[in-house]
Every structure is written in C-alpha cells, then in structure tokens.
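The file input07.cif contains mmCIF, N, CA, C and O atoms:
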data_target
loop_
_atom_site.label_atom_id
_atom_site.label_comp_id
_atom_site.auth_asym_id
_atom_site.auth_seq_id
_atom_site.Cartn_x
_atom_site.Cartn_y
_atom_site.Cartn_z
N MET J 1 38.73 -19.54 19.39
CA MET J 1 38.95 -18.80 18.18
C MET J 1 37.61 -18.44 17.57
O MET J 1 36.80 -19.29 17.29
N SER J 2 37.45 -17.20 17.35
CA SER J 2 36.23 -16.69 16.77
C SER J 2 36.44 -16.43 15.29
O SER J 2 37.34 -15.70 14.90
N GLU J 3 35.60 -17.06 14.46
CA GLU J 3 35.71 -16.85 13.02
C GLU J 3 34.65 -15.84 12.59
O GLU J 3 33.54 -15.85 13.09
N TYR J 4 35.00 -15.03 11.65
CA TYR J 4 34.08 -14.04 11.12
C TYR J 4 33.23 -14.70 10.05
O TYR J 4 33.74 -15.25 9.07
N SER J 5 31.92 -14.69 10.20
CA SER J 5 31.03 -15.39 9.27
C SER J 5 30.62 -14.53 8.09
O SER J 5 30.05 -15.01 7.14
N GLY J 6 30.86 -13.24 8.14
CA GLY J 6 30.49 -12.37 7.03
C GLY J 6 29.10 -11.77 7.18
O GLY J 6 28.67 -11.00 6.35
N TYR J 7 28.38 -12.12 8.24
CA TYR J 7 27.05 -11.59 8.47
C TYR J 7 27.10 -10.59 9.62
O TYR J 7 27.66 -10.86 10.67
N SER J 8 26.49 -9.47 9.40
CA SER J 8 26.40 -8.50 10.49
C SER J 8 25.11 -8.76 11.26
O SER J 8 24.25 -9.52 10.83
N GLU J 9 25.00 -8.13 12.40
CA GLU J 9 23.79 -8.26 13.22
C GLU J 9 22.56 -7.78 12.44
O GLU J 9 21.48 -8.35 12.54
N LYS J 10 22.76 -6.75 11.64
CA LYS J 10 21.66 -6.20 10.84
C LYS J 10 21.19 -7.20 9.78
O LYS J 10 19.98 -7.35 9.56
N ASP J 11 22.13 -7.92 9.15
CA ASP J 11 21.77 -8.93 8.16
C ASP J 11 20.97 -10.07 8.79
O ASP J 11 19.98 -10.53 8.24
N VAL J 12 21.41 -10.50 9.94
CA VAL J 12 20.72 -11.59 10.64
C VAL J 12 19.32 -11.14 11.05
O VAL J 12 18.34 -11.88 10.87
N GLN J 13 19.19 -9.94 11.57
CA GLN J 13 17.89 -9.44 11.99
C GLN J 13 16.94 -9.31 10.80
O GLN J 13 15.77 -9.64 10.90
N ARG J 14 17.45 -8.84 9.66
CA ARG J 14 16.62 -8.71 8.45
C ARG J 14 16.14 -10.08 7.99
O ARG J 14 14.98 -10.26 7.64
N GLU J 15 17.01 -11.06 8.02
CA GLU J 15 16.64 -12.41 7.58
C GLU J 15 15.61 -13.03 8.53
O GLU J 15 14.67 -13.68 8.09
N VAL J 16 15.76 -12.80 9.81
CA VAL J 16 14.79 -13.31 10.78
C VAL J 16 13.42 -12.66 10.55
O VAL J 16 12.38 -13.33 10.57
N THR J 17 13.40 -11.36 10.28
CA THR J 17 12.15 -10.66 10.01
C THR J 17 11.48 -11.20 8.76
O THR J 17 10.26 -11.40 8.73
N GLU J 18 12.25 -11.48 7.71
CA GLU J 18 11.70 -12.05 6.47
C GLU J 18 11.11 -13.43 6.73
O GLU J 18 10.03 -13.76 6.23
N LEU J 19 11.80 -14.26 7.51
CA LEU J 19 11.29 -15.60 7.82
C LEU J 19 10.02 -15.54 8.64
O LEU J 19 9.10 -16.33 8.44
N GLN J 20 9.92 -14.58 9.57
CA GLN J 20 8.70 -14.43 10.36
C GLN J 20 7.54 -14.01 9.48
O GLN J 20 6.41 -14.48 9.66
N ALA J 21 7.78 -13.14 8.52
CA ALA J 21 6.72 -12.72 7.61
C ALA J 21 6.25 -13.88 6.74
O ALA J 21 5.05 -14.06 6.52
N GLN J 22 7.18 -14.71 6.27
CA GLN J 22 6.81 -15.88 5.48
C GLN J 22 6.02 -16.87 6.31
O GLN J 22 5.07 -17.49 5.84
N SER J 23 6.39 -17.04 7.56
CA SER J 23 5.69 -17.95 8.46
C SER J 23 4.26 -17.47 8.71
O SER J 23 3.32 -18.27 8.72
N ALA J 24 4.08 -16.18 8.90
CA ALA J 24 2.74 -15.64 9.12
C ALA J 24 1.89 -15.81 7.88
O ALA J 24 0.70 -16.13 7.96
N THR J 25 2.47 -15.63 6.70
CA THR J 25 1.74 -15.81 5.46
C THR J 25 1.32 -17.27 5.30
O THR J 25 0.18 -17.56 4.92
N ALA J 26 2.19 -18.20 5.62
CA ALA J 26 1.87 -19.62 5.53
C ALA J 26 0.76 -19.99 6.52
O ALA J 26 -0.12 -20.79 6.21
N ALA J 27 0.78 -19.39 7.69
CA ALA J 27 -0.26 -19.66 8.68
C ALA J 27 -1.62 -19.18 8.18
O ALA J 27 -2.64 -19.85 8.40
N ARG J 28 -1.64 -18.05 7.50
CA ARG J 28 -2.91 -17.55 6.96
C ARG J 28 -3.40 -18.42 5.81
O ARG J 28 -4.60 -18.65 5.65
N ILE J 29 -2.50 -18.88 4.97
CA ILE J 29 -2.89 -19.70 3.83
C ILE J 29 -3.48 -21.03 4.28
O ILE J 29 -4.47 -21.51 3.75
N PHE J 30 -2.87 -21.65 5.28
CA PHE J 30 -3.30 -22.97 5.73
C PHE J 30 -4.19 -22.90 6.97
O PHE J 30 -4.24 -23.85 7.74
N ASP J 31 -4.91 -21.81 7.13
CA ASP J 31 -5.85 -21.69 8.23
C ASP J 31 -6.94 -22.75 8.06
O ASP J 31 -7.51 -22.89 6.98
N LEU J 32 -7.23 -23.51 9.11
CA LEU J 32 -8.20 -24.59 9.01
C LEU J 32 -9.59 -24.10 8.65
O LEU J 32 -10.36 -24.81 8.01
N ARG J 33 -9.93 -22.87 9.03
CA ARG J 33 -11.25 -22.35 8.70
C ARG J 33 -11.42 -22.25 7.19
O ARG J 33 -12.51 -22.50 6.66
N ARG J 34 -10.37 -21.89 6.48
CA ARG J 34 -10.43 -21.79 5.02
C ARG J 34 -10.61 -23.17 4.40
O ARG J 34 -11.42 -23.37 3.49
N ILE J 35 -9.86 -24.14 4.88
CA ILE J 35 -9.92 -25.49 4.32
C ILE J 35 -11.28 -26.12 4.62
O ILE J 35 -11.94 -26.65 3.71
N ILE J 36 -11.73 -26.06 5.87
CA ILE J 36 -13.02 -26.64 6.24
C ILE J 36 -14.16 -25.93 5.53
O ILE J 36 -15.07 -26.57 4.99
N GLY J 37 -14.14 -24.61 5.51
CA GLY J 37 -15.19 -23.85 4.85
C GLY J 37 -15.26 -24.14 3.36
O GLY J 37 -16.34 -24.33 2.80
N GLY J 38 -14.11 -24.20 2.72
CA GLY J 38 -14.08 -24.49 1.29
C GLY J 38 -14.61 -25.87 0.96
O GLY J 38 -15.37 -26.05 0.00
N LEU J 39 -14.22 -26.86 1.76
CA LEU J 39 -14.70 -28.23 1.52
C LEU J 39 -16.21 -28.33 1.76
O LEU J 39 -16.92 -28.98 0.99
N PHE J 40 -16.71 -27.71 2.82
CA PHE J 40 -18.14 -27.77 3.08
C PHE J 40 -18.94 -27.07 1.98
O PHE J 40 -20.01 -27.54 1.59
N VAL J 41 -18.43 -25.95 1.47
CA VAL J 41 -19.13 -25.28 0.38
C VAL J 41 -19.11 -26.16 -0.87
O VAL J 41 -20.15 -26.33 -1.54
N LEU J 42 -17.98 -26.74 -1.19
CA LEU J 42 -17.87 -27.60 -2.37
C LEU J 42 -18.82 -28.80 -2.27
O LEU J 42 -19.62 -29.06 -3.18
N TYR J 43 -18.74 -29.52 -1.16
CA TYR J 43 -19.61 -30.68 -0.99
C TYR J 43 -21.07 -30.27 -0.85
O TYR J 43 -21.97 -31.00 -1.28
N GLY J 44 -21.32 -29.13 -0.25
CA GLY J 44 -22.68 -28.63 -0.13
C GLY J 44 -23.31 -28.36 -1.49
O GLY J 44 -24.48 -28.67 -1.72
N VAL J 45 -22.53 -27.79 -2.39
CA VAL J 45 -23.03 -27.55 -3.75
C VAL J 45 -23.36 -28.88 -4.43
O VAL J 45 -24.42 -29.04 -5.05
N ILE J 46 -22.46 -29.85 -4.31
CA ILE J 46 -22.67 -31.15 -4.94
C ILE J 46 -23.92 -31.84 -4.38
O ILE J 46 -24.77 -32.34 -5.14
N VAL J 47 -24.07 -31.87 -3.06
CA VAL J 47 -25.20 -32.55 -2.44
C VAL J 47 -26.50 -31.78 -2.71
O VAL J 47 -27.55 -32.39 -2.93
N THR J 48 -26.45 -30.45 -2.76
CA THR J 48 -27.65 -29.67 -3.08
C THR J 48 -28.10 -29.96 -4.51
O THR J 48 -29.30 -30.13 -4.76
N ILE J 49 -27.18 -30.03 -5.45
CA ILE J 49 -27.54 -30.36 -6.83
C ILE J 49 -28.14 -31.76 -6.89
O ILE J 49 -29.13 -32.00 -7.59
N ALA J 50 -27.56 -32.70 -6.13
CA ALA J 50 -28.12 -34.05 -6.08
C ALA J 50 -29.53 -34.02 -5.50
O ALA J 50 -30.42 -34.75 -5.96
N GLY J 51 -29.76 -33.17 -4.51
CA GLY J 51 -31.10 -33.06 -3.92
C GLY J 51 -32.11 -32.44 -4.86
O GLY J 51 -33.27 -32.83 -4.88
N ILE J 52 -31.67 -31.48 -5.66
CA ILE J 52 -32.57 -30.84 -6.62
C ILE J 52 -32.96 -31.82 -7.72
O ILE J 52 -34.10 -31.83 -8.18
N THR J 53 -32.02 -32.66 -8.12
CA THR J 53 -32.28 -33.59 -9.23
C THR J 53 -32.83 -34.93 -8.77
O THR J 53 -33.07 -35.80 -9.61
N ASP J 54 -33.03 -35.13 -7.46
CA ASP J 54 -33.59 -36.39 -6.96
C ASP J 54 -34.99 -36.62 -7.51
O ASP J 54 -35.79 -35.69 -7.62
N GLY J 55 -35.27 -37.86 -7.80
CA GLY J 55 -36.60 -38.23 -8.25
C GLY J 55 -37.51 -38.50 -7.06
O GLY J 55 -37.09 -38.51 -5.89
N GLN J 56 -38.76 -38.73 -7.37
CA GLN J 56 -39.73 -38.97 -6.30
C GLN J 56 -39.43 -40.26 -5.55
O GLN J 56 -39.69 -40.36 -4.36
N ALA J 57 -38.84 -41.24 -6.22
CA ALA J 57 -38.51 -42.51 -5.57
C ALA J 57 -37.49 -42.30 -4.44
O ALA J 57 -37.61 -42.90 -3.36
N ALA J 58 -36.50 -41.45 -4.67
CA ALA J 58 -35.49 -41.18 -3.64
C ALA J 58 -36.11 -40.43 -2.47
O ALA J 58 -35.75 -40.66 -1.31
N ILE J 59 -37.04 -39.54 -2.75
CA ILE J 59 -37.71 -38.78 -1.67
C ILE J 59 -38.61 -39.71 -0.87
O ILE J 59 -38.64 -39.65 0.37
N ASP J 60 -39.32 -40.60 -1.54
CA ASP J 60 -40.17 -41.57 -0.84
C ASP J 60 -39.34 -42.52 0.02
O ASP J 60 -39.77 -42.93 1.10
N LYS J 61 -38.16 -42.85 -0.47
CA LYS J 61 -37.26 -43.75 0.27
C LYS J 61 -36.84 -43.11 1.61
O LYS J 61 -36.59 -43.80 2.58
N ALA J 62 -36.77 -41.77 1.64
CA ALA J 62 -36.39 -41.05 2.86
C ALA J 62 -37.63 -40.56 3.61
O ALA J 62 -37.58 -39.54 4.29
N GLN J 63 -38.73 -41.27 3.48
CA GLN J 63 -39.99 -40.98 4.17
C GLN J 63 -40.51 -39.58 3.84
O GLN J 63 -40.98 -38.86 4.73
N GLY J 64 -40.40 -39.19 2.60
CA GLY J 64 -40.98 -37.94 2.13
C GLY J 64 -40.13 -36.70 2.34
O GLY J 64 -40.56 -35.59 2.06
N VAL J 65 -38.92 -36.87 2.84
CA VAL J 65 -38.02 -35.72 3.07
C VAL J 65 -36.93 -35.75 2.01
O VAL J 65 -36.30 -36.79 1.80
N ASN J 66 -36.70 -34.62 1.37
CA ASN J 66 -35.62 -34.53 0.40
C ASN J 66 -34.32 -34.31 1.19
O ASN J 66 -33.82 -33.20 1.30
N ILE J 67 -33.80 -35.39 1.72
CA ILE J 67 -32.67 -35.32 2.65
C ILE J 67 -31.42 -34.76 1.99
O ILE J 67 -30.65 -34.03 2.63
N ASN J 68 -31.20 -35.06 0.72
CA ASN J 68 -30.02 -34.51 0.03
C ASN J 68 -30.11 -32.99 -0.07
O ASN J 68 -29.11 -32.30 0.10
N LEU J 69 -31.27 -32.48 -0.37
CA LEU J 69 -31.43 -31.04 -0.49
C LEU J 69 -31.18 -30.35 0.85
O LEU J 69 -30.41 -29.38 0.92
N TRP J 70 -31.79 -30.86 1.91
CA TRP J 70 -31.62 -30.22 3.22
C TRP J 70 -30.20 -30.37 3.77
O TRP J 70 -29.66 -29.44 4.37
N THR J 71 -29.60 -31.52 3.54
CA THR J 71 -28.21 -31.71 3.98
C THR J 71 -27.28 -30.80 3.19
O THR J 71 -26.36 -30.20 3.76
N GLY J 72 -27.49 -30.68 1.89
CA GLY J 72 -26.66 -29.80 1.05
C GLY J 72 -26.77 -28.35 1.48
O GLY J 72 -25.77 -27.63 1.57
N ILE J 73 -28.01 -27.91 1.77
CA ILE J 73 -28.20 -26.53 2.23
C ILE J 73 -27.50 -26.32 3.57
O ILE J 73 -26.85 -25.29 3.79
N GLY J 74 -27.60 -27.30 4.47
CA GLY J 74 -26.91 -27.20 5.76
C GLY J 74 -25.41 -27.14 5.60
O GLY J 74 -24.73 -26.35 6.28
N MET J 75 -24.87 -27.94 4.70
CA MET J 75 -23.43 -27.92 4.46
C MET J 75 -23.00 -26.58 3.85
O MET J 75 -21.94 -26.04 4.22
N LEU J 76 -23.80 -26.05 2.94
CA LEU J 76 -23.49 -24.74 2.36
C LEU J 76 -23.47 -23.66 3.44
O LEU J 76 -22.55 -22.83 3.49
N LEU J 77 -24.47 -23.67 4.31
CA LEU J 77 -24.52 -22.66 5.37
C LEU J 77 -23.33 -22.78 6.32
O LEU J 77 -22.75 -21.77 6.73
N LEU J 78 -22.96 -24.01 6.68
CA LEU J 78 -21.82 -24.20 7.57
C LEU J 78 -20.53 -23.74 6.90
O LEU J 78 -19.69 -23.06 7.52
N GLY J 79 -20.34 -24.07 5.62
CA GLY J 79 -19.15 -23.64 4.89
C GLY J 79 -19.07 -22.13 4.78
O GLY J 79 -18.01 -21.53 4.96
N ILE J 80 -20.21 -21.50 4.48
CA ILE J 80 -20.24 -20.04 4.40
C ILE J 80 -19.94 -19.42 5.76
O ILE J 80 -19.23 -18.42 5.85
N PHE J 81 -20.45 -20.04 6.83
CA PHE J 81 -20.15 -19.55 8.18
C PHE J 81 -18.65 -19.54 8.44
O PHE J 81 -18.10 -18.56 8.93
N PHE J 82 -17.96 -20.64 8.09
CA PHE J 82 -16.52 -20.71 8.31
C PHE J 82 -15.78 -19.65 7.49
O PHE J 82 -14.84 -19.01 7.98
N LEU J 83 -16.19 -19.44 6.25
CA LEU J 83 -15.51 -18.46 5.40
C LEU J 83 -15.78 -17.03 5.87
O LEU J 83 -14.87 -16.19 5.82
N VAL J 84 -16.99 -16.76 6.34
CA VAL J 84 -17.30 -15.42 6.88
C VAL J 84 -16.52 -15.20 8.17
O VAL J 84 -15.98 -14.10 8.41
N TRP J 85 -16.43 -16.22 9.00
CA TRP J 85 -15.66 -16.13 10.25
C TRP J 85 -14.20 -15.82 9.94
O TRP J 85 -13.58 -14.98 10.60
N LEU J 86 -13.66 -16.47 8.93
CA LEU J 86 -12.27 -16.20 8.52
C LEU J 86 -12.12 -14.77 8.05
O LEU J 86 -11.13 -14.10 8.36
N ARG J 87 -13.11 -14.28 7.32
CA ARG J 87 -13.05 -12.91 6.78
C ARG J 87 -13.16 -11.87 7.89
O ARG J 87 -12.47 -10.86 7.88
N LEU J 88 -14.05 -12.12 8.87
CA LEU J 88 -14.26 -11.15 9.94
C LEU J 88 -13.17 -11.18 11.01
O LEU J 88 -12.87 -10.16 11.62
N ARG J 89 -12.60 -12.36 11.27
CA ARG J 89 -11.56 -12.49 12.30
C ARG J 89 -10.34 -13.19 11.70
O ARG J 89 -10.08 -14.36 11.97
N PRO J 90 -9.58 -12.49 10.86
CA PRO J 90 -8.42 -13.15 10.22
C PRO J 90 -7.34 -13.49 11.24
O PRO J 90 -7.31 -12.96 12.36
N THR J 91 -6.47 -14.38 10.84
CA THR J 91 -5.35 -14.77 11.69
C THR J 91 -4.44 -13.56 11.87
O THR J 91 -4.00 -12.96 10.90
N PRO J 92 -4.17 -13.18 13.13
CA PRO J 92 -3.32 -12.00 13.34
C PRO J 92 -1.89 -12.30 12.92
O PRO J 92 -1.41 -13.43 13.04
N PRO J 93 -1.21 -11.30 12.40
CA PRO J 93 0.19 -11.51 12.02
C PRO J 93 1.04 -11.76 13.26
O PRO J 93 0.73 -11.29 14.35
N ALA J 94 2.08 -12.52 13.07
CA ALA J 94 2.98 -12.82 14.18
C ALA J 94 3.68 -11.54 14.64
O ALA J 94 4.17 -10.76 13.82
N VAL J 95 3.70 -11.34 15.93
CA VAL J 95 4.34 -10.16 16.50
C VAL J 95 5.80 -10.50 16.76
O VAL J 95 6.09 -11.45 17.49
N PRO J 96 6.72 -9.77 16.14
CA PRO J 96 8.13 -10.07 16.38
C PRO J 96 8.49 -9.78 17.84
O PRO J 96 8.01 -8.81 18.43
N GLU J 97 9.30 -10.65 18.39
CA GLU J 97 9.72 -10.47 19.77
C GLU J 97 10.66 -9.27 19.87
O GLU J 97 11.54 -9.07 19.05
N GLU J 98 10.43 -8.50 20.89
CA GLU J 98 11.28 -7.31 21.12
C GLU J 98 12.63 -7.75 21.64
O GLU J 98 12.74 -8.65 22.45
N LYS J 99 13.64 -7.11 21.17
CA LYS J 99 15.00 -7.41 21.59
C LYS J 99 15.21 -6.85 23.01
O LYS J 99 14.88 -5.71 23.29
N GLU J 100 15.69 -7.70 23.89
CA GLU J 100 15.91 -7.28 25.27
C GLU J 100 17.09 -6.31 25.35
O GLU J 100 18.09 -6.48 24.68
N ALA J 101 16.94 -5.31 26.20
CA ALA J 101 18.03 -4.36 26.41
C ALA J 101 19.12 -5.03 27.22
O ALA J 101 18.87 -5.68 28.22
N GLU J 102 20.32 -4.86 26.77
CA GLU J 102 21.44 -5.50 27.46
C GLU J 102 22.11 -4.53 28.41
O GLU J 102 22.26 -3.40 28.23
#
structure tokens encoding of this file:
Amino acid sequence: MSEYSGYSEKDVQREVTELQAQSATAARIFDLRRIIGGLFVLYGVIVTIAGITDGQAAIDKAQGVNINLWTGIGMLLLGIFFLVWLRLRPTPPAVPEEKEAE
C-alpha cells in the first residue's frame, strides 16, 4: 500500500537543494584556514605586544634576542598567510549531483 505523503518530486528536490546550499555555507564558515589564521593573528598580536614591552632583563635572559617580538612577528605572518590563502582559494561550493536519466 502506497500512502501519499503530500510532497511532490519538485518539493523534495527544492528542499535537497536548500540543504546543500546550507551545507556549503557551513563548510565555508568552519574552514580550518580561517580558524587557524585567526588564532595565529590573535596570538601573534599578543606576543608581539609582549615583545615590544619586554624589558632588558627579559632580552638578556634569552641571550640578547627579543624572542617574544620575533615569535609574535612569525605568528602574525603565518596567520596572515592562512587568511590570504583562504581569500585567494576559497572553498568551492558543493556541486549538486546530476539526476540520472531513467
């Protein structure tokens, strides 16, 4: 016995297309390059500020190298690299599967 569900083939196809679009949007939002790049930029700013405000005692402790400043700059550059990479090569949208001819 076949029951009529009230949905036509067109309704089902429209709903599937909407779900695929939402899935592609979620994939772009949670792209790891965005998360990693953002965290590296944030921590890079914090460590760079710590390096700028370090006293001479902290620099002498690191054998004359302002390690916080150089590490912060490196983290900033890496974070910017990830964000530029995301901008230049965004996540492609999901390609809907073609319906097979019957």
Can you list, as a PyMOL selection string, the residues that the PyMOL selection byres (((chain J and resi 47 and name CA) around 12) and name CA) selects here? chain J and resi 40-46+48-54+66-76
Save the residues we just selected, N, CA, C and O atoms, as a short mmCIF file (atom, residue, chain, number, x, y, z; two decimals), in the frame of the given file?
data_model
loop_
_atom_site.label_atom_id
_atom_site.label_comp_id
_atom_site.auth_asym_id
_atom_site.auth_seq_id
_atom_site.Cartn_x
_atom_site.Cartn_y
_atom_site.Cartn_z
N PHE J 40 -16.71 -27.71 2.82
CA PHE J 40 -18.14 -27.77 3.08
C PHE J 40 -18.94 -27.07 1.98
O PHE J 40 -20.01 -27.54 1.59
N VAL J 41 -18.43 -25.95 1.47
CA VAL J 41 -19.13 -25.28 0.38
C VAL J 41 -19.11 -26.16 -0.87
O VAL J 41 -20.15 -26.33 -1.54
N LEU J 42 -17.98 -26.74 -1.19
CA LEU J 42 -17.87 -27.60 -2.37
C LEU J 42 -18.82 -28.80 -2.27
O LEU J 42 -19.62 -29.06 -3.18
N TYR J 43 -18.74 -29.52 -1.16
CA TYR J 43 -19.61 -30.68 -0.99
C TYR J 43 -21.07 -30.27 -0.85
O TYR J 43 -21.97 -31.00 -1.28
N GLY J 44 -21.32 -29.13 -0.25
CA GLY J 44 -22.68 -28.63 -0.13
C GLY J 44 -23.31 -28.36 -1.49
O GLY J 44 -24.48 -28.67 -1.72
N VAL J 45 -22.53 -27.79 -2.39
CA VAL J 45 -23.03 -27.55 -3.75
C VAL J 45 -23.36 -28.88 -4.43
O VAL J 45 -24.42 -29.04 -5.05
N ILE J 46 -22.46 -29.85 -4.31
CA ILE J 46 -22.67 -31.15 -4.94
C ILE J 46 -23.92 -31.84 -4.38
O ILE J 46 -24.77 -32.34 -5.14
N THR J 48 -26.45 -30.45 -2.76
CA THR J 48 -27.65 -29.67 -3.08
C THR J 48 -28.10 -29.96 -4.51
O THR J 48 -29.30 -30.13 -4.76
N ILE J 49 -27.18 -30.03 -5.45
CA ILE J 49 -27.54 -30.36 -6.83
C ILE J 49 -28.14 -31.76 -6.89
O ILE J 49 -29.13 -32.00 -7.59
N ALA J 50 -27.56 -32.70 -6.13
CA ALA J 50 -28.12 -34.05 -6.08
C ALA J 50 -29.53 -34.02 -5.50
O ALA J 50 -30.42 -34.75 -5.96
N GLY J 51 -29.76 -33.17 -4.51
CA GLY J 51 -31.10 -33.06 -3.92
C GLY J 51 -32.11 -32.44 -4.86
O GLY J 51 -33.27 -32.83 -4.88
N ILE J 52 -31.67 -31.48 -5.66
CA ILE J 52 -32.57 -30.84 -6.62
C ILE J 52 -32.96 -31.82 -7.72
O ILE J 52 -34.10 -31.83 -8.18
N THR J 53 -32.02 -32.66 -8.12
CA THR J 53 -32.28 -33.59 -9.23
C THR J 53 -32.83 -34.93 -8.77
O THR J 53 -33.07 -35.80 -9.61
N ASP J 54 -33.03 -35.13 -7.46
CA ASP J 54 -33.59 -36.39 -6.96
C ASP J 54 -34.99 -36.62 -7.51
O ASP J 54 -35.79 -35.69 -7.62
N ASN J 66 -36.70 -34.62 1.37
CA ASN J 66 -35.62 -34.53 0.40
C ASN J 66 -34.32 -34.31 1.19
O ASN J 66 -33.82 -33.20 1.30
N ILE J 67 -33.80 -35.39 1.72
CA ILE J 67 -32.67 -35.32 2.65
C ILE J 67 -31.42 -34.76 1.99
O ILE J 67 -30.65 -34.03 2.63
N ASN J 68 -31.20 -35.06 0.72
CA ASN J 68 -30.02 -34.51 0.03
C ASN J 68 -30.11 -32.99 -0.07
O ASN J 68 -29.11 -32.30 0.10
N LEU J 69 -31.27 -32.48 -0.37
CA LEU J 69 -31.43 -31.04 -0.49
C LEU J 69 -31.18 -30.35 0.85
O LEU J 69 -30.41 -29.38 0.92
N TRP J 70 -31.79 -30.86 1.91
CA TRP J 70 -31.62 -30.22 3.22
C TRP J 70 -30.20 -30.37 3.77
O TRP J 70 -29.66 -29.44 4.37
N THR J 71 -29.60 -31.52 3.54
CA THR J 71 -28.21 -31.71 3.98
C THR J 71 -27.28 -30.80 3.19
O THR J 71 -26.36 -30.20 3.76
N GLY J 72 -27.49 -30.68 1.89
CA GLY J 72 -26.66 -29.80 1.05
C GLY J 72 -26.77 -28.35 1.48
O GLY J 72 -25.77 -27.63 1.57
N ILE J 73 -28.01 -27.91 1.77
CA ILE J 73 -28.20 -26.53 2.23
C ILE J 73 -27.50 -26.32 3.57
O ILE J 73 -26.85 -25.29 3.79
N GLY J 74 -27.60 -27.30 4.47
CA GLY J 74 -26.91 -27.20 5.76
C GLY J 74 -25.41 -27.14 5.60
O GLY J 74 -24.73 -26.35 6.28
N MET J 75 -24.87 -27.94 4.70
CA MET J 75 -23.43 -27.92 4.46
C MET J 75 -23.00 -26.58 3.85
O MET J 75 -21.94 -26.04 4.22
N LEU J 76 -23.80 -26.05 2.94
CA LEU J 76 -23.49 -24.74 2.36
C LEU J 76 -23.47 -23.66 3.44
O LEU J 76 -22.55 -22.83 3.49
#
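Coordinates place atom CA of J:Arg33 at a distance of 8.0 Å from atom O of J:Trp85.
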Where's the centre, and what are the edge lengths in Å to one decimal, of a box along x, y and z enclosing all listed atoms of stretch 49-66 of chain J padded 3 Å per side, as AutoDock Vina command-line options?
--center_x -34.1 --center_y -36.9 --center_z -2.4 --size_x 19.8 --size_y 19.8 --size_z 20.3
Mind checking which residues fall within 6 Å of J:Leu83, counting only N, CA, C and O atoms, ignoring those fewer than 5 positions away in the same chain, and posting them as a PyMOL selection string? chain J and resi 33+37+78+88
For atom CA of J:Phe30 and atom N of J:Phe82, determine how far apart the two atoms are, in Å to one decimal place.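 The value is 15.0 Å.
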How far is it from atom C of J:Ile80 to atom O of J:Gly64, in Å with one decimal?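 That distance, rounded to one decimal, is 26.5 Å.
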Go through J:Asp31, J:Thr17, J:Glu9, J:Gly38 and flag the residue nearest J:Gly79, using only C-alpha atoms for the distances.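 Among the listed residues, J:Gly38 lies closest to J:Gly79.
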Please write all heavy atoms of stretch 53-57 of chain J, from the structure given just now, as a compact mmCIF listing (two decimals), in the first residue's frame.
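Generated file (out.txt):
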# COMPACT_ATOMS: atom_id res chain seq x y z
N THR J 53 57.06 45.35 24.70
CA THR J 53 57.10 45.88 26.06
C THR J 53 58.10 45.14 26.96
O THR J 53 58.21 45.49 28.13
CB THR J 53 55.70 45.82 26.69
OG1 THR J 53 55.26 44.45 26.74
CG2 THR J 53 54.71 46.65 25.91
N ASP J 54 58.81 44.14 26.43
CA ASP J 54 59.81 43.42 27.24
C ASP J 54 60.91 44.36 27.71
O ASP J 54 61.36 45.23 26.97
CB ASP J 54 60.45 42.28 26.43
CG ASP J 54 59.69 40.98 26.53
OD1 ASP J 54 58.80 40.89 27.39
OD2 ASP J 54 59.99 40.06 25.74
N GLY J 55 61.35 44.13 28.92
CA GLY J 55 62.47 44.90 29.45
C GLY J 55 63.79 44.27 29.04
O GLY J 55 63.86 43.19 28.44
N GLN J 56 64.85 44.95 29.38
CA GLN J 56 66.18 44.46 29.01
C GLN J 56 66.51 43.15 29.72
O GLN J 56 67.21 42.31 29.18
CB GLN J 56 67.24 45.52 29.35
CG GLN J 56 68.62 45.20 28.80
CD GLN J 56 68.64 45.06 27.28
OE1 GLN J 56 67.97 45.79 26.57
NE2 GLN J 56 69.41 44.09 26.79
N ALA J 57 65.96 42.94 30.91
CA ALA J 57 66.22 41.71 31.66
C ALA J 57 65.68 40.49 30.90
O ALA J 57 66.34 39.44 30.84
CB ALA J 57 65.61 41.79 33.04
